[in-house]
file input_30.pdb (PDB, C-alpha atoms, pLDDT in the B column)
ATOM      1  CA  MET A   1      76.289 122.195 120.389  1.00 95.00           C
ATOM      2  CA  LYS A   2      78.738 119.380 121.032  1.00 98.00           C
ATOM      3  CA  ILE A   3      80.234 117.560 118.047  1.00 98.00           C
ATOM      4  CA  SER A   4      81.422 113.981 117.690  1.00 98.00           C
ATOM      5  CA  VAL A   5      83.948 113.649 114.865  1.00 98.00           C
ATOM      6  CA  VAL A   6      83.721 110.191 113.288  1.00 98.00           C
ATOM      7  CA  ILE A   7      86.321 108.764 110.896  1.00 98.00           C
ATOM      8  CA  ILE A   8      86.571 105.378 109.200  1.00 98.00           C
ATOM      9  CA  THR A   9      90.001 103.949 108.415  1.00 98.00           C
ATOM     10  CA  PHE A  10      91.862 101.092 106.816  1.00 98.00           C
ATOM     11  CA  ASN A  11      95.645 101.329 106.395  1.00 98.00           C
ATOM     12  CA  GLU A  12      95.682 105.130 106.565  1.00 98.00           C
ATOM     13  CA  GLU A  13      99.055 105.727 108.219  1.00 98.00           C
ATOM     14  CA  GLN A  14      99.917 108.332 105.569  1.00 96.00           C
ATOM     15  CA  ASN A  15      96.796 110.428 106.226  1.00 97.00           C
ATOM     16  CA  ILE A  16      95.277 109.892 109.642  1.00 98.00           C
ATOM     17  CA  ARG A  17      97.606 112.121 111.699  1.00 98.00           C
ATOM     18  CA  GLN A  18      96.874 115.226 109.601  1.00 98.00           C
ATOM     19  CA  CYS A  19      93.152 114.444 109.656  1.00 98.00           C
ATOM     20  CA  LEU A  20      93.064 114.122 113.456  1.00 98.00           C
ATOM     21  CA  GLU A  21      95.140 117.267 113.966  1.00 98.00           C
ATOM     22  CA  SER A  22      92.764 119.296 111.772  1.00 98.00           C
ATOM     23  CA  VAL A  23      89.677 118.485 113.874  1.00 98.00           C
ATOM     24  CA  GLN A  24      91.133 118.961 117.368  1.00 98.00           C
ATOM     25  CA  ALA A  25      89.657 122.440 117.799  1.00 98.00           C
ATOM     26  CA  VAL A  26      86.083 121.496 116.870  1.00 98.00           C
ATOM     27  CA  ALA A  27      85.776 117.985 118.336  1.00 98.00           C
ATOM     28  CA  ASP A  28      84.210 117.255 121.710  1.00 98.00           C
ATOM     29  CA  GLU A  29      84.792 113.593 120.916  1.00 98.00           C
ATOM     30  CA  ILE A  30      86.651 111.717 118.172  1.00 98.00           C
ATOM     31  CA  VAL A  31      85.648 108.202 117.164  1.00 98.00           C
ATOM     32  CA  VAL A  32      87.794 106.216 114.718  1.00 98.00           C
ATOM     33  CA  VAL A  33      86.239 103.045 113.326  1.00 98.00           C
ATOM     34  CA  ASP A  34      88.942 100.897 111.772  1.00 98.00           C
ATOM     35  CA  SER A  35      88.459  97.789 109.632  1.00 98.00           C
ATOM     36  CA  PHE A  36      91.525  95.982 111.042  1.00 98.00           C
ATOM     37  CA  SER A  37      94.410  97.961 109.555  1.00 98.00           C
ATOM     38  CA  THR A  38      97.725  96.174 109.171  1.00 98.00           C
ATOM     39  CA  ASP A  39      99.912  99.302 109.104  1.00 98.00           C
ATOM     40  CA  LYS A  40     100.579 101.976 111.761  1.00 98.00           C
ATOM     41  CA  THR A  41      97.073 103.480 111.678  1.00 98.00           C
ATOM     42  CA  GLU A  42      96.111 102.255 115.132  1.00 98.00           C
ATOM     43  CA  ALA A  43      99.418 103.272 116.713  1.00 98.00           C
ATOM     44  CA  ILE A  44      99.074 106.818 115.359  1.00 98.00           C
ATOM     45  CA  CYS A  45      95.466 107.060 116.515  1.00 98.00           C
ATOM     46  CA  ARG A  46      96.471 105.976 120.020  1.00 97.00           C
ATOM     47  CA  GLU A  47      98.637 109.103 120.283  1.00 98.00           C
ATOM     48  CA  PHE A  48      95.429 111.166 120.356  1.00 98.00           C
ATOM     49  CA  ASN A  49      92.582 111.339 122.845  1.00 96.00           C
ATOM     50  CA  ILE A  50      90.106 109.295 120.811  1.00 97.00           C
ATOM     51  CA  ARG A  51      87.964 106.164 120.926  1.00 98.00           C
ATOM     52  CA  PHE A  52      89.392 103.543 118.576  1.00 98.00           C
ATOM     53  CA  ILE A  53      86.948 100.825 117.521  1.00 98.00           C
ATOM     54  CA  GLN A  54      87.554  97.945 115.126  1.00 98.00           C
ATOM     55  CA  ASN A  55      84.645  96.719 113.037  1.00 98.00           C
ATOM     56  CA  PRO A  56      84.494  94.458 109.943  1.00 98.00           C
ATOM     57  CA  PHE A  57      84.015  96.419 106.718  1.00 97.00           C
ATOM     58  CA  LYS A  58      80.761  95.519 104.956  1.00 95.00           C
ATOM     59  CA  GLY A  59      80.560  98.605 102.743  1.00 94.00           C
ATOM     60  CA  HIS A  60      81.186 102.344 102.926  1.00 95.00           C
ATOM     61  CA  ILE A  61      77.579 103.170 103.809  1.00 96.00           C
ATOM     62  CA  GLU A  62      77.345 100.452 106.423  1.00 97.00           C
ATOM     63  CA  GLN A  63      80.663 101.360 108.053  1.00 98.00           C
ATOM     64  CA  LYS A  64      79.894 105.071 108.200  1.00 98.00           C
ATOM     65  CA  ASN A  65      76.463 104.479 109.697  1.00 98.00           C
ATOM     66  CA  PHE A  66      78.048 102.201 112.287  1.00 98.00           C
ATOM     67  CA  ALA A  67      80.607 104.915 113.088  1.00 98.00           C
ATOM     68  CA  ALA A  68      77.864 107.527 113.528  1.00 98.00           C
ATOM     69  CA  SER A  69      75.972 105.153 115.807  1.00 98.00           C
ATOM     70  CA  GLN A  70      79.007 105.023 118.118  1.00 98.00           C
ATOM     71  CA  ALA A  71      79.028 108.808 118.617  1.00 98.00           C
ATOM     72  CA  VAL A  72      78.070 110.056 122.060  1.00 98.00           C
ATOM     73  CA  HIS A  73      76.797 113.426 120.816  1.00 98.00           C
ATOM     74  CA  ASP A  74      73.855 113.947 118.469  1.00 98.00           C
ATOM     75  CA  HIS A  75      75.763 116.197 116.077  1.00 98.00           C
ATOM     76  CA  VAL A  76      78.246 114.281 113.952  1.00 98.00           C
ATOM     77  CA  LEU A  77      81.050 115.544 111.734  1.00 98.00           C
ATOM     78  CA  SER A  78      82.073 112.707 109.416  1.00 98.00           C
ATOM     79  CA  LEU A  79      85.427 112.726 107.631  1.00 98.00           C
ATOM     80  CA  ASP A  80      87.433 110.260 105.610  1.00 97.00           C
ATOM     81  CA  ALA A  81      91.014 109.756 106.756  1.00 98.00           C
ATOM     82  CA  ASP A  82      92.374 111.596 103.702  1.00 98.00           C
ATOM     83  CA  GLU A  83      90.310 114.720 104.449  1.00 98.00           C
ATOM     84  CA  ARG A  84      91.155 117.761 106.579  1.00 98.00           C
ATOM     85  CA  LEU A  85      89.418 120.939 107.633  1.00 98.00           C
ATOM     86  CA  SER A  86      90.714 124.148 106.108  1.00 98.00           C
ATOM     87  CA  ASP A  87      91.273 127.010 108.551  1.00 98.00           C
ATOM     88  CA  THR A  88      88.184 128.855 107.265  1.00 98.00           C
ATOM     89  CA  LEU A  89      85.974 125.786 107.571  1.00 98.00           C
ATOM     90  CA  ARG A  90      87.285 125.060 111.075  1.00 98.00           C
ATOM     91  CA  ASP A  91      86.496 128.612 112.218  1.00 98.00           C
ATOM     92  CA  ASN A  92      83.001 128.485 110.715  1.00 98.00           C
ATOM     93  CA  ILE A  93      82.263 125.161 112.421  1.00 98.00           C
ATOM     94  CA  LEU A  94      83.341 126.705 115.717  1.00 98.00           C
ATOM     95  CA  ASP A  95      80.805 129.470 115.054  1.00 98.00           C
ATOM     96  CA  ILE A  96      78.122 126.853 114.295  1.00 98.00           C
ATOM     97  CA  LYS A  97      78.803 125.250 117.683  1.00 98.00           C
ATOM     98  CA  LYS A  98      77.820 128.552 119.295  1.00 97.00           C
ATOM     99  CA  ASN A  99      75.067 129.750 116.973  1.00 95.00           C
ATOM    100  CA  GLY A 100      74.015 126.855 114.765  1.00 94.00           C
ATOM    101  CA  LYS A 101      70.295 126.299 114.176  1.00 92.00           C
ATOM    102  CA  ALA A 102      70.131 123.970 111.157  1.00 98.00           C
ATOM    103  CA  ASP A 103      69.890 120.174 111.223  1.00 98.00           C
ATOM    104  CA  GLY A 104      72.661 119.701 108.668  1.00 98.00           C
ATOM    105  CA  TYR A 105      75.551 121.634 107.149  1.00 98.00           C
ATOM    106  CA  ALA A 106      77.196 121.217 103.755  1.00 98.00           C
ATOM    107  CA  PHE A 107      80.475 122.598 102.458  1.00 98.00           C
ATOM    108  CA  ASN A 108      82.650 122.373  99.382  1.00 98.00           C
ATOM    109  CA  ARG A 109      85.321 119.702  99.115  1.00 98.00           C
ATOM    110  CA  LEU A 110      88.545 120.804  97.421  1.00 98.00           C
ATOM    111  CA  ASN A 111      90.397 117.839  95.959  1.00 98.00           C
ATOM    112  CA  ASN A 112      94.187 117.603  95.798  1.00 98.00           C
ATOM    113  CA  TYR A 113      95.466 115.413  92.968  1.00 97.00           C
ATOM    114  CA  CYS A 114      99.154 114.463  92.856  1.00 96.00           C
ATOM    115  CA  GLY A 115     100.023 117.558  94.895  1.00 96.00           C
ATOM    116  CA  THR A 116      97.818 119.966  92.912  1.00 97.00           C
ATOM    117  CA  PHE A 117      94.445 121.355  93.995  1.00 98.00           C
ATOM    118  CA  ILE A 118      91.741 120.996  91.335  1.00 98.00           C
ATOM    119  CA  TYR A 119      89.471 124.058  91.218  1.00 97.00           C
ATOM    120  CA  HIS A 120      87.322 123.217  88.188  1.00 97.00           C
ATOM    121  CA  GLY A 121      85.792 120.317  86.294  1.00 96.00           C
ATOM    122  CA  ALA A 122      83.636 117.682  87.989  1.00 93.00           C
ATOM    123  CA  TRP A 123      85.775 117.879  91.134  1.00 95.00           C
ATOM    124  CA  TYR A 124      84.894 121.389  92.335  1.00 96.00           C
ATOM    125  CA  PRO A 125      82.781 122.588  93.950  1.00 94.00           C
ATOM    126  CA  ASP A 126      82.334 119.050  95.260  1.00 94.00           C
ATOM    127  CA  ARG A 127      79.660 119.906  97.824  1.00 97.00           C
ATOM    128  CA  LYS A 128      79.224 117.454 100.702  1.00 97.00           C
ATOM    129  CA  LEU A 129      76.901 117.391 103.699  1.00 98.00           C
ATOM    130  CA  ARG A 130      79.138 116.140 106.495  1.00 98.00           C
ATOM    131  CA  LEU A 131      77.930 117.832 109.685  1.00 98.00           C
ATOM    132  CA  TRP A 132      74.437 116.877 110.826  1.00 98.00           C
ATOM    133  CA  ASP A 133      72.148 115.851 113.648  1.00 98.00           C
ATOM    134  CA  LYS A 134      72.212 112.051 113.434  1.00 98.00           C
ATOM    135  CA  ARG A 135      68.602 111.963 114.621  1.00 98.00           C
ATOM    136  CA  LYS A 136      67.640 113.777 111.392  1.00 98.00           C
ATOM    137  CA  GLY A 137      69.669 111.863 108.781  1.00 98.00           C
ATOM    138  CA  GLN A 138      71.984 108.991 107.961  1.00 98.00           C
ATOM    139  CA  TRP A 139      74.316 107.675 105.285  1.00 98.00           C
ATOM    140  CA  GLY A 140      72.687 106.340 102.120  1.00 97.00           C
ATOM    141  CA  GLY A 141      73.251 106.326  98.385  1.00 93.00           C
ATOM    142  CA  VAL A 142      74.947 103.528  96.466  1.00 89.00           C
ATOM    143  CA  ASN A 143      78.318 102.057  97.439  1.00 87.00           C
ATOM    144  CA  PRO A 144      80.996 103.275  97.025  1.00 89.00           C
ATOM    145  CA  HIS A 145      79.430 106.695  96.376  1.00 89.00           C
ATOM    146  CA  ASP A 146      77.792 107.338  99.731  1.00 95.00           C
ATOM    147  CA  GLN A 147      75.994 110.491 100.842  1.00 97.00           C
ATOM    148  CA  VAL A 148      74.190 111.773 103.905  1.00 98.00           C
ATOM    149  CA  ILE A 149      70.420 111.741 103.342  1.00 98.00           C
ATOM    150  CA  MET A 150      68.381 113.976 105.627  1.00 98.00           C
ATOM    151  CA  LYS A 151      64.846 113.177 106.720  1.00 98.00           C
ATOM    152  CA  PRO A 152      61.952 115.135 105.143  1.00 97.00           C
ATOM    153  CA  GLY A 153      61.586 118.521 106.760  1.00 97.00           C
ATOM    154  CA  ALA A 154      65.152 118.671 108.074  1.00 98.00           C
ATOM    155  CA  SER A 155      66.852 122.032 107.552  1.00 98.00           C
ATOM    156  CA  THR A 156      70.288 122.399 105.936  1.00 98.00           C
ATOM    157  CA  LEU A 157      72.665 125.284 105.376  1.00 98.00           C
ATOM    158  CA  PHE A 158      75.791 125.842 103.282  1.00 98.00           C
ATOM    159  CA  VAL A 159      78.991 126.728 105.150  1.00 98.00           C
ATOM    160  CA  LYS A 160      81.913 128.620 103.624  1.00 98.00           C
ATOM    161  CA  GLY A 161      85.343 127.028 103.748  1.00 98.00           C
ATOM    162  CA  ASN A 162      86.786 123.983 102.018  1.00 98.00           C
ATOM    163  CA  LEU A 163      87.071 120.414 103.173  1.00 98.00           C
ATOM    164  CA  LEU A 164      90.532 119.511 101.871  1.00 98.00           C
ATOM    165  CA  HIS A 165      90.633 116.080 100.249  1.00 98.00           C
ATOM    166  CA  TYR A 166      94.046 114.573  99.491  1.00 97.00           C
ATOM    167  CA  THR A 167      92.973 112.021  96.912  1.00 94.00           C
ATOM    168  CA  TYR A 168      95.855 110.353  95.068  1.00 93.00           C
ATOM    169  CA  ARG A 169      99.603 110.779  95.284  1.00 92.00           C
ATOM    170  CA  SER A 170     100.243 109.214  91.865  1.00 92.00           C
ATOM    171  CA  PRO A 171      98.314 108.262  88.701  1.00 89.00           C
ATOM    172  CA  ALA A 172      99.019 104.600  89.504  1.00 92.00           C
ATOM    173  CA  GLU A 173      97.225 104.973  92.851  1.00 93.00           C
ATOM    174  CA  HIS A 174      94.270 106.592  91.062  1.00 95.00           C
ATOM    175  CA  ILE A 175      94.032 103.765  88.516  1.00 95.00           C
ATOM    176  CA  GLN A 176      94.147 101.167  91.285  1.00 95.00           C
ATOM    177  CA  GLN A 177      91.321 102.909  93.156  1.00 94.00           C
ATOM    178  CA  MET A 178      89.239 103.277  89.985  1.00 96.00           C
ATOM    179  CA  ASN A 179      89.523  99.548  89.397  1.00 96.00           C
ATOM    180  CA  LYS A 180      88.440  98.841  92.975  1.00 95.00           C
ATOM    181  CA  PHE A 181      85.547 101.320  93.010  1.00 95.00           C
ATOM    182  CA  SER A 182      84.264 100.315  89.571  1.00 96.00           C
ATOM    183  CA  ASP A 183      84.122  96.713  90.824  1.00 96.00           C
ATOM    184  CA  ILE A 184      81.981  97.798  93.782  1.00 94.00           C
ATOM    185  CA  ALA A 185      79.755 100.056  91.658  1.00 93.00           C
ATOM    186  CA  ALA A 186      79.186  97.352  89.028  1.00 94.00           C
ATOM    187  CA  ARG A 187      78.277  94.745  91.650  1.00 94.00           C
ATOM    188  CA  GLU A 188      75.861  97.150  93.352  1.00 92.00           C
ATOM    189  CA  ALA A 189      74.205  97.987  90.009  1.00 91.00           C
ATOM    190  CA  PHE A 190      73.964  94.292  89.142  1.00 93.00           C
ATOM    191  CA  ARG A 191      72.438  93.514  92.547  1.00 91.00           C
ATOM    192  CA  LYS A 192      69.766  96.142  91.890  1.00 90.00           C
ATOM    193  CA  GLY A 193      68.994  94.699  88.460  1.00 91.00           C
ATOM    194  CA  LYS A 194      70.426  97.546  86.376  1.00 89.00           C
ATOM    195  CA  ARG A 195      71.552  96.662  82.852  1.00 83.00           C
ATOM    196  CA  THR A 196      74.016  98.189  80.397  1.00 76.00           C
ATOM    197  CA  TYR A 197      73.737  98.718  76.665  1.00 68.00           C
ATOM    198  CA  THR A 198      76.838  98.740  74.493  1.00 76.00           C
ATOM    199  CA  VAL A 199      76.674 101.961  72.467  1.00 77.00           C
ATOM    200  CA  LEU A 200      74.962 104.198  75.007  1.00 81.00           C
ATOM    201  CA  HIS A 201      76.833 103.158  78.151  1.00 86.00           C
ATOM    202  CA  LEU A 202      80.206 102.042  76.832  1.00 90.00           C
ATOM    203  CA  VAL A 203      80.733 104.798  74.247  1.00 92.00           C
ATOM    204  CA  LEU A 204      78.447 107.810  74.601  1.00 93.00           C
ATOM    205  CA  TYR A 205      78.350 108.146  78.385  1.00 93.00           C
ATOM    206  CA  PRO A 206      82.160 108.111  78.828  1.00 95.00           C
ATOM    207  CA  VAL A 207      82.575 110.623  75.976  1.00 96.00           C
ATOM    208  CA  PHE A 208      79.972 112.945  77.487  1.00 96.00           C
ATOM    209  CA  THR A 209      81.569 112.569  80.932  1.00 96.00           C
ATOM    210  CA  PHE A 210      84.878 113.837  79.553  1.00 97.00           C
ATOM    211  CA  PHE A 211      83.210 116.661  77.580  1.00 97.00           C
ATOM    212  CA  LYS A 212      81.222 117.817  80.600  1.00 97.00           C
ATOM    213  CA  SER A 213      84.192 117.773  82.998  1.00 97.00           C
ATOM    214  CA  TYR A 214      86.817 119.219  80.680  1.00 97.00           C
ATOM    215  CA  PHE A 215      84.806 121.767  78.681  1.00 98.00           C
ATOM    216  CA  LEU A 216      81.422 122.542  80.272  1.00 97.00           C
ATOM    217  CA  LYS A 217      82.845 122.667  83.806  1.00 97.00           C
ATOM    218  CA  LEU A 218      86.106 124.319  82.703  1.00 97.00           C
ATOM    219  CA  GLY A 219      88.438 121.487  83.678  1.00 98.00           C
ATOM    220  CA  PHE A 220      90.923 122.771  81.091  1.00 98.00           C
ATOM    221  CA  LEU A 221      91.668 125.707  83.415  1.00 98.00           C
ATOM    222  CA  ASP A 222      93.440 123.253  85.734  1.00 98.00           C
ATOM    223  CA  GLY A 223      95.988 122.505  83.022  1.00 97.00           C
ATOM    224  CA  TYR A 224      97.551 119.082  82.643  1.00 97.00           C
ATOM    225  CA  TYR A 225      95.900 117.572  85.710  1.00 96.00           C
ATOM    226  CA  GLY A 226      92.519 118.948  84.659  1.00 97.00           C
ATOM    227  CA  TYR A 227      92.863 116.855  81.505  1.00 97.00           C
ATOM    228  CA  VAL A 228      94.018 113.812  83.503  1.00 96.00           C
ATOM    229  CA  VAL A 229      91.066 114.068  85.905  1.00 96.00           C
ATOM    230  CA  ALA A 230      88.534 114.398  83.067  1.00 97.00           C
ATOM    231  CA  THR A 231      90.071 111.460  81.201  1.00 97.00           C
ATOM    232  CA  HIS A 232      90.060 109.258  84.270  1.00 96.00           C
ATOM    233  CA  ALA A 233      86.429 110.183  85.026  1.00 96.00           C
ATOM    234  CA  ALA A 234      85.453 109.002  81.545  1.00 97.00           C
ATOM    235  CA  TYR A 235      87.492 105.830  81.924  1.00 96.00           C
ATOM    236  CA  TYR A 236      85.908 105.083  85.309  1.00 96.00           C
ATOM    237  CA  ARG A 237      82.454 105.300  83.782  1.00 94.00           C
ATOM    238  CA  PHE A 238      83.512 102.982  80.970  1.00 95.00           C
ATOM    239  CA  LEU A 239      84.934 100.472  83.480  1.00 95.00           C
ATOM    240  CA  LYS A 240      81.752 100.492  85.553  1.00 94.00           C
ATOM    241  CA  TYR A 241      79.491  99.710  82.600  1.00 93.00           C
ATOM    242  CA  PHE A 242      81.925  97.259  81.042  1.00 93.00           C
ATOM    243  CA  LYS A 243      82.094  95.292  84.298  1.00 94.00           C
ATOM    244  CA  LEU A 244      78.323  95.467  84.723  1.00 93.00           C
ATOM    245  CA  ARG A 245      77.846  94.067  81.225  1.00 92.00           C
ATOM    246  CA  SER A 246      80.336  91.294  82.036  1.00 93.00           C
ATOM    247  CA  LEU A 247      78.373  90.358  85.176  1.00 93.00           C
ATOM    248  CA  TRP A 248      75.159  90.000  83.176  1.00 92.00           C
ATOM    249  CA  THR A 249      76.959  87.952  80.510  1.00 90.00           C
ATOM    250  CA  GLN A 250      78.346  85.617  83.183  1.00 91.00           C
ATOM    251  CA  ALA A 251      74.925  85.305  84.818  1.00 90.00           C
ATOM    252  CA  GLN A 252      73.265  84.382  81.517  1.00 86.00           C
ATOM    253  CA  SER A 253      76.034  81.883  80.728  1.00 86.00           C
ATOM    254  CA  SER A 254      75.600  80.162  84.094  1.00 81.00           C
ATOM    255  CA  LYS A 255      71.867  79.753  83.437  1.00 77.00           C
ATOM    256  CA  GLY A 256      72.557  78.238  80.044  1.00 63.00           C
TER     257      GLY A 256
END
call {"tool": "encode", "arguments": {"input": "input_30.pdb", "output": "structure tokens"}}
result
Amino acid sequence: MKISVVIITFNEEQNIRQCLESVQAVADEIVVVDSFSTDKTEAICREFNIRFIQNPFKGHIEQKNFAASQAVHDHVLSLDADERLSDTLRDNILDIKKNGKADGYAFNRLNNYCGTFIYHGAWYPDRKLRLWDKRKGQWGGVNPHDQVIMKPGASTLFVKGNLLHYTYRSPAEHIQQMNKFSDIAAREAFRKGKRTYTVLHLVLYPVFTFFKSYFLKLGFLDGYYGYVVATHAAYYRFLKYFKLRSLWTQAQSSKG
């Protein structure tokens, strides 16, 4: 099996070097699809033996499918620039290259928040299917929460080893990203005709999100940052529904 590693980027000078270094042993080809970065992302990428392609960003799903389409090999390993292979995962992917028989492979993603790995709550095990035969599946889901969807009948296996995800370096960075992603999620929900109801979506869902992450999924075992992650998850859900409600209100006002 030969593997094309595909990565999408935009202003990832702080992450891309470590990402590229982590996949060197498993990659038969590396394709970076960049949406016209203005920092040193391209210069860092050019230090490696890769194909660097620039393409306008139309959405996470669209960009990742475009990146996969640029791969020479049928088997694709898709990473975000802030992700890296752990040593165990790298070794197991090398074994798959020799003995793999499935159409797709999933593994756990271990998230690092402000320098601390989060082992509980809604963030772990954050299982992702990221290695697959592109003839048997493609990116789908709802932006910005994309996922690889395999065709009916395709076989998948779970692989041991963590995909290391270096999420946010500061709470301020997290809040900024939540605001951005909740905008995208609200617009996508509005485009699909989904509505929001005040008490259920704006009050009960965020409360349950916190309760599930912090208590049911043992987020409290991660200490202070376990509480922060659970709180932010609840706030993100509130933002999404609040913005969706605002979009419907604006649409009704424009009709009137």
call {"tool": "resolve_selection", "arguments": {"input": "input_30.pdb", "expression": "the PyMOL selection byres ((chain A and resi 31) around 12)", "output": "CSV table (one decimal) with C-alpha atoms, in the coordinates of the input"}}
result
chain,number,residue,atom,x,y,z
A,3,ILE,CA,80.2,117.6,118.0
A,4,SER,CA,81.4,114.0,117.7
A,5,VAL,CA,83.9,113.6,114.9
A,6,VAL,CA,83.7,110.2,113.3
A,7,ILE,CA,86.3,108.8,110.9
A,8,ILE,CA,86.6,105.4,109.2
A,9,THR,CA,90.0,103.9,108.4
A,20,LEU,CA,93.1,114.1,113.5
A,23,VAL,CA,89.7,118.5,113.9
A,27,ALA,CA,85.8,118.0,118.3
A,28,ASP,CA,84.2,117.3,121.7
A,29,GLU,CA,84.8,113.6,120.9
A,30,ILE,CA,86.7,111.7,118.2
A,32,VAL,CA,87.8,106.2,114.7
A,33,VAL,CA,86.2,103.0,113.3
A,34,ASP,CA,88.9,100.9,111.8
A,45,CYS,CA,95.5,107.1,116.5
A,46,ARG,CA,96.5,106.0,120.0
A,48,PHE,CA,95.4,111.2,120.4
A,49,ASN,CA,92.6,111.3,122.8
A,50,ILE,CA,90.1,109.3,120.8
A,51,ARG,CA,88.0,106.2,120.9
A,52,PHE,CA,89.4,103.5,118.6
A,53,ILE,CA,86.9,100.8,117.5
A,54,GLN,CA,87.6,97.9,115.1
A,64,LYS,CA,79.9,105.1,108.2
A,66,PHE,CA,78.0,102.2,112.3
A,67,ALA,CA,80.6,104.9,113.1
A,68,ALA,CA,77.9,107.5,113.5
A,69,SER,CA,76.0,105.2,115.8
A,70,GLN,CA,79.0,105.0,118.1
A,71,ALA,CA,79.0,108.8,118.6
A,72,VAL,CA,78.1,110.1,122.1
A,73,HIS,CA,76.8,113.4,120.8
A,76,VAL,CA,78.2,114.3,114.0
A,77,LEU,CA,81.0,115.5,111.7
A,78,SER,CA,82.1,112.7,109.4
A,79,LEU,CA,85.4,112.7,107.6
A,80,ASP,CA,87.4,110.3,105.6
A,81,ALA,CA,91.0,109.8,106.8
call {"tool": "atom_distance", "arguments": {"input": "input_30.pdb", "atom1": "CA of Ala43 (chain A)", "atom2": "CA of Asn65 (chain A)"}}
result
24.0 Å
call {"tool": "residues_around", "arguments": {"input": "input_30.pdb", "residues": "Asp39 (chain A)", "least_positions_apart": "2", "cutoff": "10 Å", "atoms": "all atoms listed in the file", "output": "list in words"}}
result
Phe10, Asn11, Glu12, Glu13, Gln14, Phe36, Ser37, Thr41, Glu42, Ala43 and Ile44 of chain A
call {"tool": "write_last_selection", "arguments": {"input": "input_30.pdb", "atoms": "C-alpha atoms", "output": "mmCIF file, in the frame of the given file"}}
result
data_model
loop_
_atom_site.group_PDB
_atom_site.id
_atom_site.type_symbol
_atom_site.label_atom_id
_atom_site.label_comp_id
_atom_site.auth_asym_id
_atom_site.auth_seq_id
_atom_site.Cartn_x
_atom_site.Cartn_y
_atom_site.Cartn_z
ATOM 1 C CA PHE A 10 91.862 101.092 106.816
ATOM 2 C CA ASN A 11 95.645 101.329 106.395
ATOM 3 C CA GLU A 12 95.682 105.130 106.565
ATOM 4 C CA GLU A 13 99.055 105.727 108.219
ATOM 5 C CA GLN A 14 99.917 108.332 105.569
ATOM 6 C CA PHE A 36 91.525 95.982 111.042
ATOM 7 C CA SER A 37 94.410 97.961 109.555
ATOM 8 C CA THR A 41 97.073 103.480 111.678
ATOM 9 C CA GLU A 42 96.111 102.255 115.132
ATOM 10 C CA ALA A 43 99.418 103.272 116.713
ATOM 11 C CA ILE A 44 99.074 106.818 115.359
#
call {"tool": "resolve_selection", "arguments": {"input": "input_30.pdb", "expression": "the PyMOL selection byres ((chain A and resi 101) around 12)", "output": "PyMOL selection string"}}
result
chain A and resi 1+75+95-100+102-105+132-133+154-157
call {"tool": "write_last_selection", "arguments": {"input": "input_30.pdb", "atoms": "C-alpha atoms", "output": "compact mmCIF listing (two decimals), keeping the file's coordinate frame"}}
result
# COMPACT_ATOMS: atom_id res chain seq x y z
CA MET A 1 76.29 122.20 120.39
CA HIS A 75 75.76 116.20 116.08
CA ASP A 95 80.81 129.47 115.05
CA ILE A 96 78.12 126.85 114.30
CA LYS A 97 78.80 125.25 117.68
CA LYS A 98 77.82 128.55 119.30
CA ASN A 99 75.07 129.75 116.97
CA GLY A 100 74.02 126.86 114.76
CA ALA A 102 70.13 123.97 111.16
CA ASP A 103 69.89 120.17 111.22
CA GLY A 104 72.66 119.70 108.67
CA TYR A 105 75.55 121.63 107.15
CA TRP A 132 74.44 116.88 110.83
CA ASP A 133 72.15 115.85 113.65
CA ALA A 154 65.15 118.67 108.07
CA SER A 155 66.85 122.03 107.55
CA THR A 156 70.29 122.40 105.94
CA LEU A 157 72.67 125.28 105.38
call {"tool": "resolve_selection", "arguments": {"input": "input_30.pdb", "expression": "the PyMOL selection byres ((chain A and resi 85) around 7)", "output": "number ranges by chain"}}
result
A: 22-23, 84, 86-87, 89-90, 162-164
call {"tool": "closest_residue", "arguments": {"input": "input_30.pdb", "among": "A:Gln176, A:Ser213, A:Gln18, A:Gln138", "to": "Trp123 (chain A)", "atoms": "all atoms listed in the file"}}
result
A:Ser213
call {"tool": "closest_residue", "arguments": {"input": "input_30.pdb", "among": "A:Gly193, A:Gln250, A:Lys134, A:Lys255", "to": "Lys151 (chain A)", "atoms": "all atoms listed in the file"}}
result
A:Lys134
call {"tool": "residues_around", "arguments": {"input": "input_30.pdb", "residues": "Gly115 (chain A)", "least_positions_apart": "3", "cutoff": "10 Å", "atoms": "all atoms listed in the file", "output": "MDAnalysis selection string"}}
result
chainID A and resid 111:112 118 166:170
call {"tool": "write_last_selection", "arguments": {"input": "input_30.pdb", "atoms": "C-alpha atoms", "output": "JSON list (two decimals), in the frame of the given file"}}
result
[["chain", "number", "residue", "atom", "x", "y", "z"],
["A", 111, "ASN", "CA", 90.40, 117.84, 95.96],
["A", 112, "ASN", "CA", 94.19, 117.60, 95.80],
["A", 118, "ILE", "CA", 91.74, 121.00, 91.34],
["A", 166, "TYR", "CA", 94.05, 114.57, 99.49],
["A", 167, "THR", "CA", 92.97, 112.02, 96.91],
["A", 168, "TYR", "CA", 95.86, 110.35, 95.07],
["A", 169, "ARG", "CA", 99.60, 110.78, 95.28],
["A", 170, "SER", "CA", 100.24, 109.21, 91.86]]
call {"tool": "residues_around", "arguments": {"input": "input_30.pdb", "residues": "Lys194 (chain A)", "least_positions_apart": "5", "cutoff": "9 Å", "atoms": "all atoms listed in the file", "output": "VMD selection string"}}
result
chain A and resid 188 to 189 244
call {"tool": "closest_residue", "arguments": {"input": "input_30.pdb", "among": "A:Leu204, A:Ile184, A:Leu110, A:Val159", "to": "Ala122 (chain A)", "atoms": "all atoms listed in the file"}}
result
A:Leu110
call {"tool": "atom_distance", "arguments": {"input": "input_30.pdb", "atom1": "CA of Glu21 (chain A)", "atom2": "CA of Asp74 (chain A)"}}
result
22.0 Å
call {"tool": "axis_aligned_box", "arguments": {"input": "input_30.pdb", "around": "region 56-70 of chain A", "padding_each_side": "6 Å", "output": "lines of an AutoDock Vina configuration file"}}
result
center_x = 80.2
center_y = 101.0
center_z = 110.4
size_x = 20.5
size_y = 25.1
size_z = 27.4
